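K.L.:
Sharing data16.cif here; it has mmCIF, C-alpha atoms.
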data_final
#
loop_
_atom_site.label_atom_id
_atom_site.label_comp_id
_atom_site.auth_asym_id
_atom_site.auth_seq_id
_atom_site.Cartn_x
_atom_site.Cartn_y
_atom_site.Cartn_z
CA MET Q 225 -10.61 2.87 -0.52
CA ILE Q 226 -9.52 5.39 2.10
CA GLU Q 227 -12.15 7.81 0.86
CA ALA Q 228 -14.70 5.00 1.06
CA GLU Q 229 -13.67 4.36 4.67
CA ALA Q 230 -14.14 8.02 5.59
CA GLN Q 231 -17.46 8.24 3.76
CA TYR Q 232 -18.82 4.99 5.20
CA ARG Q 233 -17.69 5.91 8.68
CA ASP Q 234 -19.53 9.23 8.42
CA TRP Q 235 -22.68 7.42 7.31
CA MET Q 236 -22.27 4.90 10.12
CA LEU Q 237 -21.89 7.59 12.77
CA ALA Q 238 -24.90 9.45 11.37
CA GLY Q 239 -26.83 6.17 11.32
CA LEU Q 240 -25.88 5.48 14.94
CA ALA Q 241 -27.23 8.92 15.79
CA GLY Q 242 -30.53 7.97 14.14
CA ASP Q 243 -30.12 9.29 10.57
CA ALA Q 244 -32.05 6.67 8.58
CA ALA Q 245 -31.11 8.07 5.14
CA ALA Q 246 -27.37 7.93 5.84
CA TYR Q 247 -27.74 4.48 7.34
CA ARG Q 248 -29.60 3.26 4.29
CA ARG Q 249 -26.89 4.60 1.99
CA LEU Q 250 -24.30 2.83 4.13
CA LEU Q 251 -26.08 -0.54 4.01
CA ALA Q 252 -26.58 -0.22 0.26
CA ALA Q 253 -22.90 0.57 -0.29
CA LEU Q 254 -21.77 -2.23 2.03
CA SER Q 255 -24.06 -4.75 0.35
CA GLY Q 256 -22.15 -4.22 -2.91
CA HIS Q 257 -18.81 -4.96 -1.29
CA LEU Q 258 -20.20 -7.88 0.68
CA ARG Q 259 -21.81 -9.41 -2.41
CA SER Q 260 -18.49 -9.39 -4.21
CA PHE Q 261 -16.65 -10.68 -1.12
CA PHE Q 262 -19.00 -13.63 -0.63
CA ALA Q 263 -19.50 -14.39 -4.32
CA ARG Q 264 -15.80 -15.08 -4.72
CA ARG Q 265 -15.88 -17.45 -1.74
CA VAL Q 266 -19.18 -19.29 -1.73
CA GLY Q 267 -20.42 -18.62 -5.27
CA PRO Q 268 -23.06 -16.15 -6.39
CA ASN Q 269 -26.04 -18.28 -5.35
CA ALA Q 270 -25.17 -18.61 -1.66
CA ALA Q 271 -23.68 -15.10 -1.64
CA GLU Q 272 -26.97 -13.21 -1.58
CA ASP Q 273 -28.15 -15.04 1.57
CA MET Q 274 -24.83 -14.29 3.22
CA VAL Q 275 -25.03 -10.62 2.24
CA GLN Q 276 -28.43 -10.43 3.91
CA GLU Q 277 -27.27 -12.31 7.01
CA THR Q 278 -24.28 -10.00 7.33
CA LEU Q 279 -26.40 -6.87 6.89
CA ILE Q 280 -28.71 -8.11 9.64
CA ALA Q 281 -25.69 -8.81 11.87
CA ILE Q 282 -24.27 -5.35 11.17
CA HIS Q 283 -27.63 -3.89 12.10
CA THR Q 284 -28.26 -5.88 15.28
CA LYS Q 285 -24.67 -5.45 16.50
CA ARG Q 286 -24.24 -1.80 15.49
CA GLU Q 287 -24.00 -0.71 19.11
CA THR Q 288 -20.72 -2.61 19.42
CA TYR Q 289 -19.00 -0.48 16.76
CA ASP Q 290 -16.29 1.60 18.38
CA PRO Q 291 -16.10 4.94 16.50
CA GLY Q 292 -12.41 5.11 17.35
CA LEU Q 293 -11.70 2.17 15.03
CA PRO Q 294 -11.90 1.86 11.24
CA LEU Q 295 -15.36 0.84 10.07
CA THR Q 296 -13.75 -1.29 7.36
CA ALA Q 297 -12.11 -3.53 9.96
CA TRP Q 298 -15.35 -3.88 11.91
CA VAL Q 299 -17.41 -4.84 8.84
CA TYR Q 300 -14.70 -7.22 7.64
CA GLY Q 301 -14.61 -8.88 11.07
CA ILE Q 302 -18.35 -9.52 10.94
CA ALA Q 303 -18.29 -10.70 7.31
CA ARG Q 304 -15.41 -13.03 8.13
CA TYR Q 305 -17.32 -14.40 11.13
CA LYS Q 306 -20.38 -15.08 8.97
CA LEU Q 307 -18.23 -16.76 6.33
CA ILE Q 308 -16.57 -19.06 8.87
CA ASP Q 309 -20.02 -19.85 10.25
CA GLU Q 310 -21.16 -20.81 6.76
CA TYR Q 311 -18.08 -22.97 6.16
CA ARG Q 312 -18.69 -24.70 9.48
CA ARG Q 313 -22.26 -25.46 8.46
CA GLU Q 314 -21.01 -26.89 5.18
CA LYS Q 315 -18.32 -28.81 7.11
CA ARG Q 316 -15.60 -27.11 5.13
CA ARG Q 317 -12.32 -26.34 6.78
CA PRO Q 318 -12.52 -22.72 7.76
CA SER Q 319 -9.49 -20.73 6.80
CA VAL Q 320 -10.20 -17.07 6.36
CA PRO Q 321 -7.37 -14.57 6.68
CA LEU Q 322 -7.68 -12.57 9.87
CA ASP Q 323 -6.90 -9.25 8.38
CA GLU Q 324 -7.95 -8.61 4.85
CA ALA Q 325 -10.16 -5.67 5.57
CA PRO Q 326 -8.74 -3.51 2.77
CA GLU Q 327 -9.54 -6.26 0.31
CA LEU Q 328 -13.21 -6.20 1.28
CA PHE Q 329 -13.72 -2.66 0.08
CA ALA Q 330 -11.65 -3.13 -3.05
CA HIS Q 331 -14.54 -4.80 -4.85
CA ASP Q 332 -18.11 -3.81 -5.40
CA GLU Q 333 -20.96 -5.58 -7.11
CA VAL Q 334 -24.30 -3.92 -7.36
CA GLU Q 335 -27.07 -6.26 -8.28
CA SER Q 336 -29.79 -3.93 -9.38
CA ALA Q 337 -32.84 -4.99 -11.30
CA GLY Q 338 -31.75 -2.59 -14.05
CA ALA Q 339 -28.35 -4.20 -14.47
CA ARG Q 340 -29.90 -7.63 -14.66
CA ARG Q 341 -32.33 -6.46 -17.33
CA ASP Q 342 -29.52 -5.07 -19.47
CA VAL Q 343 -27.67 -8.36 -19.28
CA GLU Q 344 -30.77 -10.26 -20.40
CA LYS Q 345 -31.13 -7.86 -23.32
CA LEU Q 346 -27.55 -8.49 -24.35
CA LEU Q 347 -27.87 -12.23 -23.88
CA ALA Q 348 -30.85 -12.24 -26.23
CA LYS Q 349 -28.46 -11.31 -29.04
CA LEU Q 350 -26.50 -14.53 -28.58
CA PRO Q 351 -27.32 -17.84 -30.24
CA ALA Q 352 -29.41 -20.03 -27.91
CA ALA Q 353 -26.64 -22.55 -27.14
CA LYS Q 354 -24.11 -19.91 -26.13
CA ARG Q 355 -26.75 -18.02 -24.20
CA ALA Q 356 -27.44 -21.11 -22.08
CA LEU Q 357 -23.73 -21.50 -21.34
CA VAL Q 358 -23.22 -17.91 -20.29
CA ARG Q 359 -26.34 -17.93 -18.15
CA ALA Q 360 -25.32 -21.17 -16.41
CA ILE Q 361 -21.74 -20.20 -15.67
CA ARG Q 362 -21.61 -16.46 -15.39
CA LEU Q 363 -25.04 -15.69 -13.95
CA GLU Q 364 -26.00 -18.81 -12.02
CA GLY Q 365 -22.49 -19.64 -10.89
CA GLN Q 366 -22.47 -23.28 -11.99
CA SER Q 367 -19.10 -24.89 -12.47
CA VAL Q 368 -17.65 -25.69 -15.87
CA ALA Q 369 -17.70 -29.39 -15.00
CA GLU Q 370 -21.37 -29.31 -14.03
CA THR Q 371 -22.34 -27.49 -17.19
CA ALA Q 372 -20.27 -29.78 -19.36
CA ALA Q 373 -21.91 -32.83 -17.82
CA ARG Q 374 -25.37 -31.34 -18.26
CA THR Q 375 -24.94 -30.20 -21.88
CA GLY Q 376 -22.84 -33.14 -23.04
CA LEU Q 377 -20.08 -30.79 -24.23
CA SER Q 378 -16.45 -31.23 -23.23
CA GLU Q 379 -15.15 -28.92 -20.52
CA SER Q 380 -12.86 -27.12 -22.92
CA ALA Q 381 -15.75 -26.62 -25.35
CA VAL Q 382 -17.77 -25.04 -22.55
CA LYS Q 383 -14.88 -22.74 -21.60
CA VAL Q 384 -14.24 -21.67 -25.17
CA GLY Q 385 -17.97 -21.17 -25.81
CA VAL Q 386 -18.37 -18.95 -22.78
CA HIS Q 387 -15.21 -17.03 -23.60
CA ARG Q 388 -16.32 -16.34 -27.18
CA ALA Q 389 -19.82 -15.41 -26.08
CA ILE Q 390 -18.51 -12.96 -23.49
CA LYS Q 391 -16.12 -11.53 -26.06
CA SER Q 392 -18.90 -10.89 -28.53
CA LEU Q 393 -21.04 -9.36 -25.78
CA GLN Q 394 -18.18 -7.05 -24.84
CA ASP Q 395 -17.81 -6.03 -28.48
CA ASP Q 396 -21.54 -5.32 -28.54
CA VAL Q 397 -21.41 -3.19 -25.41
CA SER Q 398 -18.39 -1.15 -26.49
CA GLY Q 399 -19.99 -0.80 -29.94
CA ASP Q 400 -23.06 0.64 -28.22
CA GLU Q 401 -20.93 3.08 -26.29
CA ASN Q 402 -19.02 4.21 -29.37
CA ARG Q 403 -22.13 5.07 -31.24
CA MET G 30 -36.76 -11.10 0.49
CA LYS G 31 -34.65 -9.02 -1.81
CA THR G 32 -31.60 -7.28 -0.41
CA ASP G 33 -32.93 -3.83 -1.34
CA GLU G 34 -36.09 -4.53 0.62
CA LEU G 35 -34.07 -5.80 3.56
CA ILE G 36 -32.01 -2.60 3.60
CA ALA G 37 -35.17 -0.50 3.49
CA PHE G 38 -36.63 -2.61 6.29
CA LEU G 39 -33.53 -2.33 8.49
CA SER G 40 -33.23 1.42 8.07
CA GLN G 41 -36.85 2.36 8.61
CA ASP G 42 -37.81 3.66 12.06
CA LEU G 43 -34.11 3.79 12.93
CA GLU G 44 -33.57 4.50 16.61
CA PRO G 45 -30.41 6.28 17.76
CA ALA G 46 -28.01 3.64 19.09
CA ARG G 47 -26.94 3.63 22.73
CA ARG G 48 -23.25 4.42 23.01
CA GLY G 49 -20.53 2.73 25.02
CA MET G 50 -22.43 -0.55 25.27
CA VAL G 51 -19.34 -2.77 25.10
CA LEU G 52 -17.82 -1.19 28.18
CA ARG G 53 -21.14 -1.01 29.99
CA TRP G 54 -22.06 -4.68 29.50
CA LEU G 55 -18.57 -5.90 30.41
CA MET G 56 -18.45 -3.75 33.55
CA LEU G 57 -21.88 -5.02 34.58
CA GLY G 58 -20.89 -8.65 34.05
CA LEU G 59 -17.58 -8.20 35.83
CA THR G 60 -19.10 -6.33 38.79
CA LEU G 61 -21.91 -8.84 39.33
CA GLY G 62 -19.51 -11.77 39.04
CA MET G 63 -16.95 -10.17 41.37
CA ALA G 64 -19.68 -9.47 43.95
CA VAL G 65 -20.72 -13.13 43.99
CA SER G 66 -17.12 -14.35 44.08
CA ALA G 67 -16.18 -11.93 46.87
CA LEU G 68 -19.19 -13.04 48.89
CA ALA G 69 -18.26 -16.69 48.36
CA MET G 70 -14.66 -15.97 49.32
CA MET G 71 -15.63 -14.15 52.51
CA THR G 72 -18.26 -16.66 53.68
CA MET G 73 -16.73 -19.96 52.60
CA LEU G 74 -13.01 -19.28 52.87
CA GLY G 75 -12.70 -16.11 54.92
CA PRO G 76 -9.77 -13.67 54.90
CA ARG G 77 -6.51 -14.91 56.34
CA PRO G 78 -6.49 -14.30 60.11
CA ASP G 79 -3.34 -12.16 59.95
CA LEU G 80 -4.53 -10.12 56.96
CA HIS G 81 -3.72 -6.76 58.59
CA ALA G 82 -0.19 -7.79 59.43
CA ALA G 83 0.29 -9.35 55.98
CA MET G 84 -0.91 -6.18 54.25
CA ARG G 85 1.95 -4.27 55.85
CA GLY G 86 4.51 -6.51 54.09
CA GLY G 87 5.67 -6.18 50.48
CA ALA G 88 5.05 -9.83 49.58
CA PHE G 89 1.29 -9.44 49.89
CA TRP G 90 1.31 -6.52 47.46
CA MET G 91 3.65 -8.35 45.06
CA LYS G 92 0.98 -11.04 44.76
CA PHE G 93 -1.78 -8.44 44.53
CA CYS G 94 0.01 -6.50 41.77
CA TYR G 95 0.72 -9.66 39.78
CA THR G 96 -2.90 -10.81 39.65
CA LEU G 97 -4.22 -7.27 39.23
CA ALA G 98 -1.88 -6.65 36.26
CA LEU G 99 -3.12 -9.85 34.60
CA ALA G 100 -6.72 -8.82 35.31
CA LEU G 101 -6.23 -5.34 33.80
CA LEU G 102 -4.65 -6.77 30.66
CA GLY G 103 -7.42 -9.38 30.57
CA PHE G 104 -9.98 -6.59 30.65
CA ILE G 105 -8.33 -4.77 27.76
CA ILE G 106 -8.24 -7.97 25.70
CA VAL G 107 -11.86 -8.87 26.49
CA GLN G 108 -12.95 -5.38 25.56
CA ARG G 109 -11.20 -5.65 22.19
CA GLN G 110 -12.47 -9.17 21.59
CA ALA G 111 -16.04 -8.16 22.41
CA SER G 112 -16.58 -6.74 18.95
CA ALA G 113 -15.11 -7.10 15.48
CA GLY G 114 -12.12 -5.32 14.08
CA ALA G 115 -10.08 -4.37 17.16
CA ASP G 116 -6.50 -5.54 17.47
CA SER G 117 -5.68 -7.24 20.77
CA ARG G 118 -2.26 -8.61 19.84
CA GLY G 119 -0.41 -5.87 21.73
CA ALA G 120 -2.31 -6.52 24.95
CA ILE G 121 -1.82 -10.28 24.58
CA ALA G 122 1.92 -9.81 24.14
CA ALA G 123 1.98 -7.51 27.17
CA LEU G 124 0.84 -10.45 29.34
CA ALA G 125 4.45 -11.58 29.26
CA ALA G 126 5.57 -8.54 31.30
CA PRO G 127 4.07 -9.44 34.72
CA VAL G 128 4.98 -13.11 34.22
CA VAL G 129 8.59 -12.25 33.41
CA ALA G 130 8.80 -9.80 36.35
CA LEU G 131 7.50 -12.41 38.79
CA THR G 132 9.81 -15.06 37.30
CA LEU G 133 12.80 -12.82 37.99
CA LEU G 134 11.64 -12.27 41.57
CA ALA G 135 10.99 -15.99 42.05
CA GLY G 136 14.45 -16.77 40.69
CA SER G 137 16.11 -14.38 43.12
CA GLN G 138 14.18 -15.88 46.06
CA LEU G 139 15.13 -19.42 45.04
CA SER G 140 18.80 -18.58 44.61
CA ALA G 141 19.12 -16.95 48.05
CA PRO G 142 21.66 -18.88 50.20
CA THR G 143 19.10 -19.70 52.89
CA ALA G 144 16.34 -20.65 50.45
CA ASN G 145 14.15 -23.66 51.20
CA SER G 146 13.16 -24.54 47.63
CA ALA G 147 10.43 -27.02 48.51
CA LYS G 148 8.74 -24.51 50.79
CA LEU G 149 9.07 -21.66 48.29
CA LEU G 150 7.71 -23.73 45.41
CA MET G 151 4.99 -25.78 47.08
CA GLY G 152 4.11 -23.80 50.22
CA ASP G 153 1.49 -25.56 52.36
CA THR G 154 -1.53 -25.13 50.10
CA TRP G 155 -0.41 -25.90 46.54
CA ILE G 156 -2.90 -28.71 46.25
CA VAL G 157 -5.95 -26.46 46.74
CA CYS G 158 -4.71 -23.11 45.39
CA PRO G 159 -5.38 -23.51 41.63
CA TRP G 160 -8.69 -25.25 42.27
CA LEU G 161 -9.96 -22.53 44.58
CA ILE G 162 -8.93 -19.85 42.08
CA LEU G 163 -10.74 -21.72 39.32
CA ALA G 164 -13.84 -22.15 41.52
CA LEU G 165 -13.88 -18.46 42.50
CA SER G 166 -13.54 -17.50 38.84
CA LEU G 167 -16.78 -19.24 37.84
CA PRO G 168 -19.24 -16.48 38.87
CA ILE G 169 -17.07 -13.84 37.14
CA PHE G 170 -16.81 -16.12 34.15
CA ALA G 171 -20.61 -16.39 34.02
CA GLY G 172 -21.02 -12.61 34.26
CA LEU G 173 -18.54 -11.96 31.45
CA PHE G 174 -20.02 -14.61 29.17
CA MET G 175 -23.47 -13.13 29.75
CA ALA G 176 -22.06 -9.76 28.66
CA LEU G 177 -20.18 -11.16 25.64
CA ARG G 178 -23.31 -12.92 24.40
CA ARG G 179 -24.95 -9.50 24.05
CA LEU G 180 -21.95 -8.14 22.15
CA ALA G 181 -20.32 -9.31 18.93
CA PRO G 182 -17.20 -11.44 19.50
CA THR G 183 -16.02 -12.81 16.17
CA ARG G 184 -13.11 -14.95 17.35
CA LEU G 185 -14.93 -17.14 19.80
CA ALA G 186 -12.08 -19.15 21.33
CA THR G 187 -9.91 -16.06 21.84
CA ALA G 188 -12.81 -14.08 23.27
CA GLY G 189 -13.68 -16.96 25.62
CA ALA G 190 -10.05 -17.36 26.70
CA SER G 191 -9.71 -13.66 27.44
CA ALA G 192 -12.92 -13.73 29.50
CA GLY G 193 -11.46 -16.74 31.36
CA LEU G 194 -8.19 -14.88 31.90
CA LEU G 195 -9.99 -11.86 33.33
CA ALA G 196 -12.21 -14.08 35.51
CA GLY G 197 -9.24 -16.15 36.72
CA ALA G 198 -7.02 -13.15 37.46
CA SER G 199 -9.84 -11.31 39.27
CA ALA G 200 -10.61 -14.46 41.29
CA ALA G 201 -6.91 -14.82 42.12
CA THR G 202 -6.84 -11.22 43.34
CA LEU G 203 -9.74 -11.99 45.69
CA TYR G 204 -8.17 -15.29 46.71
CA GLY G 205 -5.01 -13.42 47.68
CA PHE G 206 -6.86 -12.03 50.71
CA HIS G 207 -7.44 -15.58 51.96
CA CYS G 208 -4.31 -17.36 50.81
CA PRO G 209 -1.53 -17.67 53.42
CA GLU G 210 1.25 -18.08 50.84
CA LEU G 211 3.57 -15.16 50.13
CA ALA G 212 6.50 -16.71 48.23
CA ALA G 213 6.97 -15.51 44.64
CA PRO G 214 7.75 -19.02 43.24
CA PHE G 215 4.51 -20.34 44.74
CA VAL G 216 2.47 -17.52 43.21
CA LEU G 217 4.21 -17.88 39.87
CA ILE G 218 3.36 -21.58 39.62
CA TRP G 219 0.05 -22.12 41.36
CA TYR G 220 -1.71 -18.80 40.86
CA THR G 221 -0.69 -18.76 37.21
CA LEU G 222 -1.91 -22.34 36.84
CA GLY G 223 -5.33 -21.48 38.27
CA ILE G 224 -5.63 -18.41 36.01
CA ALA G 225 -4.46 -20.37 32.96
CA ALA G 226 -6.98 -23.11 33.71
CA ALA G 227 -9.75 -20.51 33.73
CA ALA G 228 -8.49 -19.11 30.41
CA GLY G 229 -8.36 -22.60 28.89
CA LEU G 230 -11.88 -23.34 30.07
CA GLY G 231 -12.96 -20.07 28.49
CA ALA G 232 -11.38 -20.98 25.15
CA VAL G 233 -13.21 -24.32 25.08
CA LEU G 234 -16.58 -22.94 26.21
CA GLY G 235 -16.29 -19.83 24.07
CA ARG G 236 -16.46 -21.79 20.84
CA TRP G 237 -20.03 -22.85 21.41
CA MET G 238 -21.36 -20.56 24.15
CA LEU G 239 -20.39 -17.31 22.46
CA ALA G 240 -21.65 -18.16 18.96
CA TRP G 241 -24.30 -15.79 17.63
#
Please rewrite the model in this file as structure tokens.
P.N.:
Amino acid sequence: MIEAEAQYRDWMLAGLAGDAAAYRRLLAALSGHLRSFFARRVGPNAAEDMVQETLIAIHTKRETYDPGLPLTAWVYGIARYKLIDEYRREKRRPSVPLDEAPELFAHDEVESAGARRDVEKLLAKLPAAKRALVRAIRLEGQSVAETAARTGLSESAVKVGVHRAIKSLQDDVSGDENR
Amino acid sequence: MKTDELIAFLSQDLEPARRGMVLRWLMLGLTLGMAVSALAMMTMLGPRPDLHAAMRGGAFWMKFCYTLALALLGFIIVQRQASAGADSRGAIAALAAPVVALTLLAGSQLSAPTANSAKLLMGDTWIVCPWLILALSLPIFAGLFMALRRLAPTRLATAGASAGLLAGASAATLYGFHCPELAAPFVLIWYTLGIAAAAGLGAVLGRWMLAW
């Protein structure tokens, strides 16, 4: 985390000086953290829009970054602002901790086309019914209740189905690695 | 658009960023606003006729130091609130220092054996003092909001309140050159009220005027 802060801050300072490559690396790294941050709060579907909005905000407001302060805190402040903005639009009661900057950089989700392809390959090994459950809940971020209503299964059946499917996928992946 | 494409788009043709923009915009807004307020003060109210004599006494400078201290702290808070991630809690807590100091002075004036409490508390101009301070703060307020809109405040009510505090305290400093009152209890009540009104107005307006 601390190393990430130092690395990201270096990239930011280089980016502010006009180094496009460093700046691009920074935005790519931040997008992973932001995706995870937003996914846990607004769900994976809305998260990608928020990641993009936040990246644009970081870019347009980059002149306001004070190099004397941690970059983590600055990025968290902007992400938090965007999240509250989103809650306000959805008429949810905004309550976002003021200072959870360290938490932002503790998680990282990279959504690369390659990763998505691998998941699809793995999913193809599952029976069709389980595949639909995993896709709905784990990839599309639907709730258990929604999926249960749509498939006609009970909520506990959906949970157990997803759990077993994920378990067998994990076994598959670790089996691949052991070979 | 995919996020990867967005990142590529944002980082292509990257221009070096201008440095020190927070300070520069705030100073510009403050200076323009202060110029308008000072002009309004001089033309519409005018300095107190005995300004030179008053400036030789300590009471005038007590008032000046009180409003200036609030303005300086206001500036530090605005500067921290103008972008994300800076901690302004220390500066906000420090606001208590000038208020406590003036309260002690006001208390000692009120407890003097010859004290005329009504005169010390209300003076002759209590009814206009906070309103004139609030009115004089408006141009400074406008200048600071203009600056903040170009920056990145993320706590809008706090940022607006701190801009109001700075505008109110700067206006009160200017108003001190017109105002005939010199008693510490008067300044503590009516000056502080005018400054607090400006800060409150800033908190309310900040929520929607500073959104970006």
K.L.:
What does the distance from atom CA of Leu239 of chain G to atom CA of Leu185 of chain G come to in Å, to one decimal?
P.N.:
6.1 Å
K.L.:
With distances taken over only C-alpha atoms, which residue among G:Ala135, G:Cys208, G:Val107, G:Met151 lies nearest Ala186 of chain G?
P.N.:
G:Val107
K.L.:
Just give me the gap between atom CA of Ala141 of chain G and atom CA of Gly87 of chain G in Å, one decimal is fine.
P.N.:
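Atom CA of Gly87 of chain G lies 17.4 Å from atom CA of Ala141 of chain G.
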K.L.:
Care to translate the PyMOL selection byres ((chain G) within 8 of (chain Q)) into actual residues of this file, as an NGL selection string?
P.N.:
:G and (32-33 or 35-37 or 39-51 or 111-115 or 180-181 or 183-184)
K.L.:
What does the file look like for those residues with C-alpha atoms, as a CSV table (one decimal), in the coordinates of the input?
P.N.:
chain,number,residue,atom,x,y,z
G,32,THR,CA,-31.6,-7.3,-0.4
G,33,ASP,CA,-32.9,-3.8,-1.3
G,35,LEU,CA,-34.1,-5.8,3.6
G,36,ILE,CA,-32.0,-2.6,3.6
G,37,ALA,CA,-35.2,-0.5,3.5
G,39,LEU,CA,-33.5,-2.3,8.5
G,40,SER,CA,-33.2,1.4,8.1
G,41,GLN,CA,-36.8,2.4,8.6
G,42,ASP,CA,-37.8,3.7,12.1
G,43,LEU,CA,-34.1,3.8,12.9
G,44,GLU,CA,-33.6,4.5,16.6
G,45,PRO,CA,-30.4,6.3,17.8
G,46,ALA,CA,-28.0,3.6,19.1
G,47,ARG,CA,-26.9,3.6,22.7
G,48,ARG,CA,-23.2,4.4,23.0
G,49,GLY,CA,-20.5,2.7,25.0
G,50,MET,CA,-22.4,-0.6,25.3
G,51,VAL,CA,-19.3,-2.8,25.1
G,111,ALA,CA,-16.0,-8.2,22.4
G,112,SER,CA,-16.6,-6.7,19.0
G,113,ALA,CA,-15.1,-7.1,15.5
G,114,GLY,CA,-12.1,-5.3,14.1
G,115,ALA,CA,-10.1,-4.4,17.2
G,180,LEU,CA,-22.0,-8.1,22.2
G,181,ALA,CA,-20.3,-9.3,18.9
G,183,THR,CA,-16.0,-12.8,16.2
G,184,ARG,CA,-13.1,-15.0,17.4
K.L.:
Distance atom CA of Leu52 of chain G-atom CA of Gly193 of chain G, one decimal place?
P.N.:
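Computed distance, atom CA of Leu52 of chain G to atom CA of Gly193 of chain G, equals 17.1 Å.
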K.L.:
Care to translate the PyMOL selection byres ((chain G and resi 163) around 7) into actual residues of this file, as a compact mmCIF listing (two decimals) with C-alpha atoms, keeping the file's coordinate frame?
P.N.:
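Result file is result-v1.txt:
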# COMPACT_ATOMS: atom_id res chain seq x y z
CA PRO G 159 -5.38 -23.51 41.63
CA TRP G 160 -8.69 -25.25 42.27
CA LEU G 161 -9.96 -22.53 44.58
CA ILE G 162 -8.93 -19.85 42.08
CA ALA G 164 -13.84 -22.15 41.52
CA LEU G 165 -13.88 -18.46 42.50
CA SER G 166 -13.54 -17.50 38.84
CA LEU G 167 -16.78 -19.24 37.84
CA GLY G 197 -9.24 -16.15 36.72
CA GLY G 223 -5.33 -21.48 38.27
CA ILE G 224 -5.63 -18.41 36.01
CA ALA G 226 -6.98 -23.11 33.71
CA ALA G 227 -9.75 -20.51 33.73
K.L.:
Find the residues near Lys354 of chain Q: any atom within 9 Å, counting only C-alpha atoms, skip ones fewer than 6 places away on the same chain, and give them as an MDAnalysis selection string.
P.N.:
chainID Q and resid 347 382 385:386 388:389
K.L.:
Would you kindly place N, CA and C atoms on segment 367-380 of chain Q and return the model as a PDB file, in the frame of the given file?
P.N.:
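This is the output file out-v5.pdb:
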ATOM      1  N   SER Q 367     -20.482 -24.647 -12.086  1.00  0.00           N
ATOM      2  CA  SER Q 367     -19.100 -24.890 -12.470  1.00  0.00           C
ATOM      3  C   SER Q 367     -19.040 -25.365 -13.925  1.00  0.00           C
ATOM      4  N   VAL Q 368     -17.851 -25.239 -14.490  1.00  0.00           N
ATOM      5  CA  VAL Q 368     -17.650 -25.690 -15.870  1.00  0.00           C
ATOM      6  C   VAL Q 368     -17.951 -27.187 -15.977  1.00  0.00           C
ATOM      7  N   ALA Q 369     -17.498 -27.945 -14.974  1.00  0.00           N
ATOM      8  CA  ALA Q 369     -17.700 -29.390 -15.000  1.00  0.00           C
ATOM      9  C   ALA Q 369     -19.181 -29.754 -14.990  1.00  0.00           C
ATOM     10  N   GLU Q 370     -19.927 -29.057 -14.110  1.00  0.00           N
ATOM     11  CA  GLU Q 370     -21.370 -29.310 -14.030  1.00  0.00           C
ATOM     12  C   GLU Q 370     -22.039 -29.044 -15.379  1.00  0.00           C
ATOM     13  N   THR Q 371     -21.692 -27.902 -15.946  1.00  0.00           N
ATOM     14  CA  THR Q 371     -22.340 -27.490 -17.190  1.00  0.00           C
ATOM     15  C   THR Q 371     -21.967 -28.437 -18.319  1.00  0.00           C
ATOM     16  N   ALA Q 372     -20.702 -28.849 -18.319  1.00  0.00           N
ATOM     17  CA  ALA Q 372     -20.270 -29.780 -19.360  1.00  0.00           C
ATOM     18  C   ALA Q 372     -21.050 -31.080 -19.259  1.00  0.00           C
ATOM     19  N   ALA Q 373     -21.196 -31.579 -18.028  1.00  0.00           N
ATOM     20  CA  ALA Q 373     -21.910 -32.830 -17.820  1.00  0.00           C
ATOM     21  C   ALA Q 373     -23.362 -32.696 -18.278  1.00  0.00           C
ATOM     22  N   ARG Q 374     -23.958 -31.536 -17.970  1.00  0.00           N
ATOM     23  CA  ARG Q 374     -25.370 -31.340 -18.260  1.00  0.00           C
ATOM     24  C   ARG Q 374     -25.627 -31.189 -19.773  1.00  0.00           C
ATOM     25  N   THR Q 375     -24.700 -30.476 -20.463  1.00  0.00           N
ATOM     26  CA  THR Q 375     -24.940 -30.200 -21.880  1.00  0.00           C
ATOM     27  C   THR Q 375     -24.318 -31.251 -22.776  1.00  0.00           C
ATOM     28  N   GLY Q 376     -23.471 -32.114 -22.207  1.00  0.00           N
ATOM     29  CA  GLY Q 376     -22.840 -33.140 -23.040  1.00  0.00           C
ATOM     30  C   GLY Q 376     -21.636 -32.616 -23.811  1.00  0.00           C
ATOM     31  N   LEU Q 377     -21.262 -31.336 -23.573  1.00  0.00           N
ATOM     32  CA  LEU Q 377     -20.080 -30.790 -24.230  1.00  0.00           C
ATOM     33  C   LEU Q 377     -18.843 -31.140 -23.415  1.00  0.00           C
ATOM     34  N   SER Q 378     -17.675 -31.048 -24.014  1.00  0.00           N
ATOM     35  CA  SER Q 378     -16.450 -31.230 -23.230  1.00  0.00           C
ATOM     36  C   SER Q 378     -16.207 -29.965 -22.427  1.00  0.00           C
ATOM     37  N   GLU Q 379     -15.404 -30.085 -21.365  1.00  0.00           N
ATOM     38  CA  GLU Q 379     -15.150 -28.920 -20.520  1.00  0.00           C
ATOM     39  C   GLU Q 379     -14.486 -27.794 -21.302  1.00  0.00           C
ATOM     40  N   SER Q 380     -13.549 -28.179 -22.179  1.00  0.00           N
ATOM     41  CA  SER Q 380     -12.860 -27.120 -22.920  1.00  0.00           C
ATOM     42  C   SER Q 380     -13.823 -26.446 -23.903  1.00  0.00           C
TER      43      SER Q 380
END
